[in-house]
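Asker: The following block contains the structure, expressed as structure tokens.
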Amino acid sequence: MGRARTIARRTFLIGSAAIAGGVAFGAYLYRQPLANPLAKGLENGEATFNPWVKISGEKITLITPHGDMGQGVAHMQAILIAEEMDLELGQFEIDFGQPSSAYYNGGFTVEGAETMTAFLPLSEETLAASIAPTLKIVGLQGTGGSSSTIDSYEKLRKAGAVARETLKAAAATKFNVDVTRLNTRAGAVILPDGQEIAYTELAAAAALLEPAPAPALRDPSQWRLVGKSTKRVDTDAKSTGLQAFGIDVQVDGMVHAAVRVNPRRTALSAYDAETAKNMRGVIEILEVTNGIAVIADNTWRAIEAVNAIECTWSEAEYPAGQADHWQALSEALDAGGGLTWRNDGDVGEDTDSAGNINVEYRTPYVAHQPLEPLNATIHVTDDGAVVWTGHQLPQYVCTQVAKITGHDDDKVTFHNQYMGGSFGHRFEIEVVNLCAEIASRMRGTPVKLTYSREEDFQNDFPRQIAMARGSGRVAGGKVESLDLSIASAPPLISQSWRAGIPVAGPDFQIAAGTFNAPYDIQNFRVCASTVNGLAPTSSWRSVGASNGGFFIESLMDELIHEAGGEPIEERLRLCNDPLARGCLEAVAEMSGWGGELGEGRGRGVALVKSFGVPVAEVIEVTNSERGIRIDRVWVACDVGRVIDPVNFESQVQGGVVWGLGHAMNCEITYSDGMAEQTNYHDHEGMRLYQCPAIEVRGLENGEKVLGIGEPPVPPAAPALANAIFAATGKRIRELPLNRHIDFV
């Protein structure tokens with residue numbers, strides 16, 4: 001065991017002791033129910049039974065605190081409550097609610113527990129149980145890591161059941177009827193004589209009662225909404241263009257701001273704003289952190305004016321040219337060492353004998369590029385601040401705005417908005433910080449800050465750049481050894497440093513999707529090195545597994561080919577995870593794997609486990625004179641329970657398209673310390689005409705209920721690269737693939 005692993009192991013052990021200590025010393029806190037934020041400020045006749053349900057005489061409001069970035073999580077939360085509460089779609093409104101510790105995300109346990117198994121001799125279940133109390137005591141509200149369904153599945157059904165039983169108790173008191181003789185249906189309590197009393201009619205009476213004890217949850221055989229294909233609560237509004245996003249917020253008297261911030265991530269040295277001052281609509285020009293802002297009477301004029309300002313930027317604190325970024329990764333791999341995440345058997349050091357392969361893989365920086373540009377609207381007064389934006393960490397927004405404006409956290413009101421995509425970018429806070437900075441200097445006037453697309457690209461914190469070297473040994477038609485070493489910029493450490501949150505131990509995302517690969521290879525080692533001093537990076541949809549999946553499944557395919565094995569058959573032989581095996585078997589059956597395809601056609605397969613979810617994908621391509629055409633994709637994944645089949649299918653298909661588009665075409669490169677790509681034209685996703693038919697099968701064999709937003713992404717790139725090899729004989733080991741091959 002190397003020194004790095006010893007240190008990291010000690011860090012995890014200390015962390016585990018801290019968790020245990022937190023449970024021991026905070027046992028009383030852990031057992032106490034969290035305060036209901038809805039109870040504060042209730043109007044006469046309004047009732048709330050828990051943090052997720054509020055009823056008045058006019059309406060029923062369900063609080064869906066996980067942020068909706070297009071993944072349908074608002075609908076998922078709503079139907080979980082409505083299922084047990086006996087509400088039908090259309091009988092309630094939804095609201096994201098105010099930030100509160102009551103909405104802490106217990107779903108973060110899954111990936112954290114899986115990571116810690118690499119260093120602690122404990123099961124995932126034991127580790128998850130130790131982490132859960134700490135998450136409650138800390139009270140972190142957040143959306144990400146495919147954790148929303150995990151967090152919500154039981155919690156929100158219980159909330160609905162408590163509300164239902166409390167309303168029945170109110171009806172029993174009001175009509176002097178034994179509560180056991182009452183039923184509920186479609187937003188009403190049913191009296192013994194068949195009379196229906198709407199929940200809204202019982203709000204005032206229910207407000208006088210203590211919430212009912214949580215009853216047993218209903219058996220899935222009784223479900224009306226969960227597990228069924230239902231119409232999402234935002235479908236009509238989004239289909240007709242009526243859905244309001246953060247960028248659509250309008251506040252009386254507001255002004256509009258645009259910024260230019262140093263794309264090298266350091267200070268603004270000098271600027272000349274003489275031209276901008278005289279442009280139409282310009283109200284004010286302000287220096288802001290690392291840049292300049294223009295305030296105008298509309299967004300377009302603000303952007304035009306700020307772009308007319310001549311800026312001199314200070315130099316970057318990371319390598320100016322792209323070649324130096326790759327060189328830093330290569331040197332880290334040359335140096336060896338790093339943290340050992342998996343070390344089964346003995347991979348040995350003899351890499352030059354017959355039956356061995358040695359290869360190198362590269363994955364570039366890529367942008368988040370949400371379709372809705374980053375934006376925030378903030379109104380600061382001497383009494384407090386009101387914020388409108390879409391964000392994945394609501395409490396963080398309040399804390400940051402309070403810090404900048406000089407108010408206490410509880411003087412900041414935050415209205416979370418629907419987000420037009422995020423892919424991890426709305427974990428970041430830069431647009432909120434800048435807007436708060438401007439609004440604080442213009443107290444009494446609401447300010448909307450909107451990034452131009454170019455500003456978004458130039459100042460994005462992209463997905464981490466990574467490089468891997470893999471070797472392995474085959475014999476007798478089988479894979480006997482796999483050794484993978486990864487060097488990467490650290491996304492979580494980079495992100496946490498900007499947030500002022502220290503990280504103990506290694507950045508586990510660097511090894512994500514590799515050390516937990518569901519294969520029982522006799523000799524199997526994964527090492528990972530953190531490379532600091534490169535461009536700042538951030539969480540990107542599937543984070544480290546988007547790199548790790550490409551590395552390990554490309555290497556697996558090369559080893560199996562070297563052994564003369566069959567890609568799915570050999571993976572099945574090695575697979576030691578029943579759920580992952582089920583996905584491989586399903587995708588083989590779905591695709592009709594093994595049949596003759598004809599000249600110029602090929603299929604590739606990849607299996608990656610991320611966020612606790614195994615996903616197997618088969619991709620079929622045709623090699624034409626003009627380039628590669630992606631014909632079909634088959635996907636099988638096991639999340640334990642599919643909450644909404646239609647939305648599940650959409651999420652999987654979207655993840656595949658996201659993964660394929662970036663694998664085909666996308667990269668961020670640096671020149672003179674700045675990102676060279678400035679808009680979609682040079683960071684191009686998959687075109688509509690290129691999109692293949694995608695068939696999805698959701699398996700429900702696992703005991704845990706898991707999320708699906710991110711897991712379909714990691715297998716897409718390696719499955720496509722493996723399919724290209726099958727069709728052309730050309731092995732491509734770096735992304736984007738269009739560096740080496742054309743697509744049609």
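Letters A, B, ... mark the chains of the structure tokens in the order given; residue numbers begin at 1 per chain; ligand numbers begin at 1, in order shown.
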Could you list, as a list of chain:residue names, every residue within 10 Å of Gly582 (chain A), counting only C-alpha atoms and ignoring same-chain residues fewer than 2 positions away?

Answerer: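 These residues fall inside the cut-off: A:Leu572, A:Cys575, A:Asp577, A:Pro578, A:Leu579, A:Ala580, A:Leu584, A:Glu585, A:Ala586, A:Val587, A:Ala588, A:Pro614, A:Val615, A:Ala616, A:Ala636, A:Cys637, A:Asp638, A:Leu699, A:Asn701.
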
Asker: Those residues you just picked out, can you put them in a file as a PDB file, in the first residue's frame with C-alpha atoms?

Answerer:
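Writing done, so here's result27.pdb:
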ATOM      1  CA  LEU A 572     -21.022 -11.771 -18.677  1.00  0.00           C
ATOM      2  CA  CYS A 575     -19.681  -9.858 -14.232  1.00  0.00           C
ATOM      3  CA  ASP A 577     -23.111  -8.110  -9.957  1.00  0.00           C
ATOM      4  CA  PRO A 578     -26.529  -9.748 -10.541  1.00  0.00           C
ATOM      5  CA  LEU A 579     -28.166  -6.420 -11.419  1.00  0.00           C
ATOM      6  CA  ALA A 580     -25.441  -5.508 -13.905  1.00  0.00           C
ATOM      7  CA  LEU A 584     -26.210  -7.014 -20.051  1.00  0.00           C
ATOM      8  CA  GLU A 585     -28.507  -9.949 -20.712  1.00  0.00           C
ATOM      9  CA  ALA A 586     -31.431  -7.631 -21.391  1.00  0.00           C
ATOM     10  CA  VAL A 587     -29.551  -5.404 -23.810  1.00  0.00           C
ATOM     11  CA  ALA A 588     -28.186  -8.442 -25.667  1.00  0.00           C
ATOM     12  CA  PRO A 614     -25.742  -0.335 -13.698  1.00  0.00           C
ATOM     13  CA  VAL A 615     -26.423   0.647 -17.319  1.00  0.00           C
ATOM     14  CA  ALA A 616     -25.644  -1.459 -20.391  1.00  0.00           C
ATOM     15  CA  ALA A 636     -31.056  -1.493 -20.189  1.00  0.00           C
ATOM     16  CA  CYS A 637     -30.701  -0.156 -16.646  1.00  0.00           C
ATOM     17  CA  ASP A 638     -31.852  -1.198 -13.193  1.00  0.00           C
ATOM     18  CA  LEU A 699     -35.421  -3.214 -14.930  1.00  0.00           C
ATOM     19  CA  ASN A 701     -34.720  -6.125  -9.744  1.00  0.00           C
TER      20      ASN A 701
END

Asker: Excluding region 725-728 of chain A and its own-chain neighbours fewer than 3 positions away, which residues fall within 6 Å of it when counting only C-alpha atoms? Please give them as a ChimeraX atom specification.

Answerer: /A:600-602,722,731

Asker: List the spatial neighbours of Glu304 (chain A) as a VMD selection string - criterion: any atom at most 12 Å away, only C-alpha atoms, same-chain residues fewer than 2 positions off excluded.

Answerer: chain A and resid 257 to 260 275 to 282 293 to 302 306 to 309 451 to 452

Asker: Output the selection as an mmCIF file, in the first residue's frame - N, CA, C and O atoms for each residue.

Answerer:
data_model
loop_
_atom_site.group_PDB
_atom_site.id
_atom_site.type_symbol
_atom_site.label_atom_id
_atom_site.label_comp_id
_atom_site.auth_asym_id
_atom_site.auth_seq_id
_atom_site.Cartn_x
_atom_site.Cartn_y
_atom_site.Cartn_z
ATOM 1 N N ALA A 257 -28.731 43.850 -16.501
ATOM 2 C CA ALA A 257 -27.271 43.902 -16.433
ATOM 3 C C ALA A 257 -26.652 42.826 -17.310
ATOM 4 O O ALA A 257 -27.233 41.751 -17.528
ATOM 5 N N ALA A 258 -25.458 43.132 -17.807
ATOM 6 C CA ALA A 258 -24.614 42.157 -18.504
ATOM 7 C C ALA A 258 -23.189 42.369 -18.008
ATOM 8 O O ALA A 258 -22.828 43.469 -17.567
ATOM 9 N N VAL A 259 -22.391 41.328 -18.068
ATOM 10 C CA VAL A 259 -21.025 41.414 -17.550
ATOM 11 C C VAL A 259 -20.022 40.859 -18.547
ATOM 12 O O VAL A 259 -20.359 40.057 -19.424
ATOM 13 N N ARG A 260 -18.799 41.310 -18.383
ATOM 14 C CA ARG A 260 -17.639 40.630 -18.966
ATOM 15 C C ARG A 260 -16.685 40.380 -17.821
ATOM 16 O O ARG A 260 -16.300 41.316 -17.097
ATOM 17 N N THR A 275 -16.798 54.359 -25.198
ATOM 18 C CA THR A 275 -17.799 54.068 -26.226
ATOM 19 C C THR A 275 -19.088 53.570 -25.597
ATOM 20 O O THR A 275 -20.190 53.999 -25.967
ATOM 21 N N ALA A 276 -18.976 52.683 -24.632
ATOM 22 C CA ALA A 276 -20.157 52.087 -24.005
ATOM 23 C C ALA A 276 -21.004 53.118 -23.271
ATOM 24 O O ALA A 276 -22.236 53.027 -23.250
ATOM 25 N N LYS A 277 -20.357 54.115 -22.669
ATOM 26 C CA LYS A 277 -21.102 55.107 -21.886
ATOM 27 C C LYS A 277 -22.144 55.838 -22.720
ATOM 28 O O LYS A 277 -23.185 56.254 -22.202
ATOM 29 N N ASN A 278 -21.869 56.003 -23.985
ATOM 30 C CA ASN A 278 -22.749 56.799 -24.845
ATOM 31 C C ASN A 278 -23.719 55.948 -25.664
ATOM 32 O O ASN A 278 -24.433 56.484 -26.516
ATOM 33 N N MET A 279 -23.749 54.646 -25.412
ATOM 34 C CA MET A 279 -24.645 53.774 -26.178
ATOM 35 C C MET A 279 -26.061 53.855 -25.639
ATOM 36 O O MET A 279 -26.297 54.107 -24.442
ATOM 37 N N ARG A 280 -27.000 53.628 -26.506
ATOM 38 C CA ARG A 280 -28.417 53.766 -26.167
ATOM 39 C C ARG A 280 -28.812 52.825 -25.029
ATOM 40 O O ARG A 280 -28.470 51.652 -25.023
ATOM 41 N N GLY A 281 -29.548 53.349 -24.060
ATOM 42 C CA GLY A 281 -30.121 52.544 -22.983
ATOM 43 C C GLY A 281 -29.212 52.321 -21.801
ATOM 44 O O GLY A 281 -29.647 51.774 -20.782
ATOM 45 N N VAL A 282 -27.939 52.734 -21.892
ATOM 46 C CA VAL A 282 -26.992 52.480 -20.802
ATOM 47 C C VAL A 282 -27.311 53.388 -19.612
ATOM 48 O O VAL A 282 -27.448 54.611 -19.758
ATOM 49 N N ALA A 293 -19.404 45.495 -15.473
ATOM 50 C CA ALA A 293 -20.834 45.294 -15.698
ATOM 51 C C ALA A 293 -21.436 46.545 -16.311
ATOM 52 O O ALA A 293 -21.037 47.671 -15.987
ATOM 53 N N VAL A 294 -22.403 46.313 -17.181
ATOM 54 C CA VAL A 294 -23.204 47.407 -17.724
ATOM 55 C C VAL A 294 -24.641 47.206 -17.288
ATOM 56 O O VAL A 294 -25.189 46.102 -17.411
ATOM 57 N N ILE A 295 -25.264 48.283 -16.790
ATOM 58 C CA ILE A 295 -26.676 48.249 -16.432
ATOM 59 C C ILE A 295 -27.406 49.095 -17.461
ATOM 60 O O ILE A 295 -27.014 50.249 -17.737
ATOM 61 N N ALA A 296 -28.450 48.522 -18.041
ATOM 62 C CA ALA A 296 -29.175 49.196 -19.119
ATOM 63 C C ALA A 296 -30.662 48.946 -18.984
ATOM 64 O O ALA A 296 -31.115 48.277 -18.049
ATOM 65 N N ASP A 297 -31.430 49.477 -19.968
ATOM 66 C CA ASP A 297 -32.882 49.344 -19.884
ATOM 67 C C ASP A 297 -33.404 48.061 -20.500
ATOM 68 O O ASP A 297 -34.591 47.763 -20.398
ATOM 69 N N ASN A 298 -32.552 47.283 -21.155
ATOM 70 C CA ASN A 298 -32.922 45.912 -21.537
ATOM 71 C C ASN A 298 -31.659 45.078 -21.706
ATOM 72 O O ASN A 298 -30.537 45.613 -21.759
ATOM 73 N N THR A 299 -31.843 43.770 -21.777
ATOM 74 C CA THR A 299 -30.694 42.859 -21.786
ATOM 75 C C THR A 299 -29.851 43.030 -23.036
ATOM 76 O O THR A 299 -28.608 43.025 -22.970
ATOM 77 N N TRP A 300 -30.476 43.170 -24.189
ATOM 78 C CA TRP A 300 -29.723 43.275 -25.435
ATOM 79 C C TRP A 300 -28.787 44.484 -25.410
ATOM 80 O O TRP A 300 -27.611 44.383 -25.765
ATOM 81 N N ARG A 301 -29.312 45.616 -24.960
ATOM 82 C CA ARG A 301 -28.483 46.821 -24.924
ATOM 83 C C ARG A 301 -27.360 46.692 -23.900
ATOM 84 O O ARG A 301 -26.255 47.196 -24.113
ATOM 85 N N ALA A 302 -27.647 46.028 -22.794
ATOM 86 C CA ALA A 302 -26.597 45.808 -21.796
ATOM 87 C C ALA A 302 -25.472 44.947 -22.370
ATOM 88 O O ALA A 302 -24.280 45.242 -22.171
ATOM 89 N N VAL A 306 -21.600 46.181 -22.991
ATOM 90 C CA VAL A 306 -20.466 45.591 -22.262
ATOM 91 C C VAL A 306 -19.455 44.987 -23.236
ATOM 92 O O VAL A 306 -18.247 44.980 -22.972
ATOM 93 N N ASN A 307 -19.937 44.523 -24.383
ATOM 94 C CA ASN A 307 -19.022 43.985 -25.388
ATOM 95 C C ASN A 307 -18.219 45.083 -26.083
ATOM 96 O O ASN A 307 -17.198 44.806 -26.724
ATOM 97 N N ALA A 308 -18.689 46.335 -25.973
ATOM 98 C CA ALA A 308 -17.976 47.459 -26.580
ATOM 99 C C ALA A 308 -16.861 47.984 -25.678
ATOM 100 O O ALA A 308 -16.083 48.850 -26.084
ATOM 101 N N ILE A 309 -16.787 47.489 -24.463
ATOM 102 C CA ILE A 309 -15.756 47.926 -23.529
ATOM 103 C C ILE A 309 -14.447 47.186 -23.829
ATOM 104 O O ILE A 309 -14.430 45.957 -23.945
ATOM 105 N N TYR A 451 -26.285 36.345 -18.607
ATOM 106 C CA TYR A 451 -25.038 36.092 -19.334
ATOM 107 C C TYR A 451 -25.334 35.966 -20.826
ATOM 108 O O TYR A 451 -26.314 35.317 -21.222
ATOM 109 N N SER A 452 -24.481 36.523 -21.653
ATOM 110 C CA SER A 452 -24.520 36.173 -23.072
ATOM 111 C C SER A 452 -24.032 34.739 -23.222
ATOM 112 O O SER A 452 -23.377 34.188 -22.331
#

Asker: Would you kindly return, as number ranges by chain, each protein, DNA or RNA residue with an atom no farther than 7 Å from any atom of Val189 (chain A), considering only C-alpha atoms and excluding same-chain residues fewer than 6 positions away?

Answerer: A: 168, 182-183, 196-199

Asker: Any idea what the distance is between CA of Ile150 (chain A) and CA of Ala74 (chain A)?

Answerer: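 Separating CA of Ile150 (chain A) from CA of Ala74 (chain A) is a distance of 14.0 Å.
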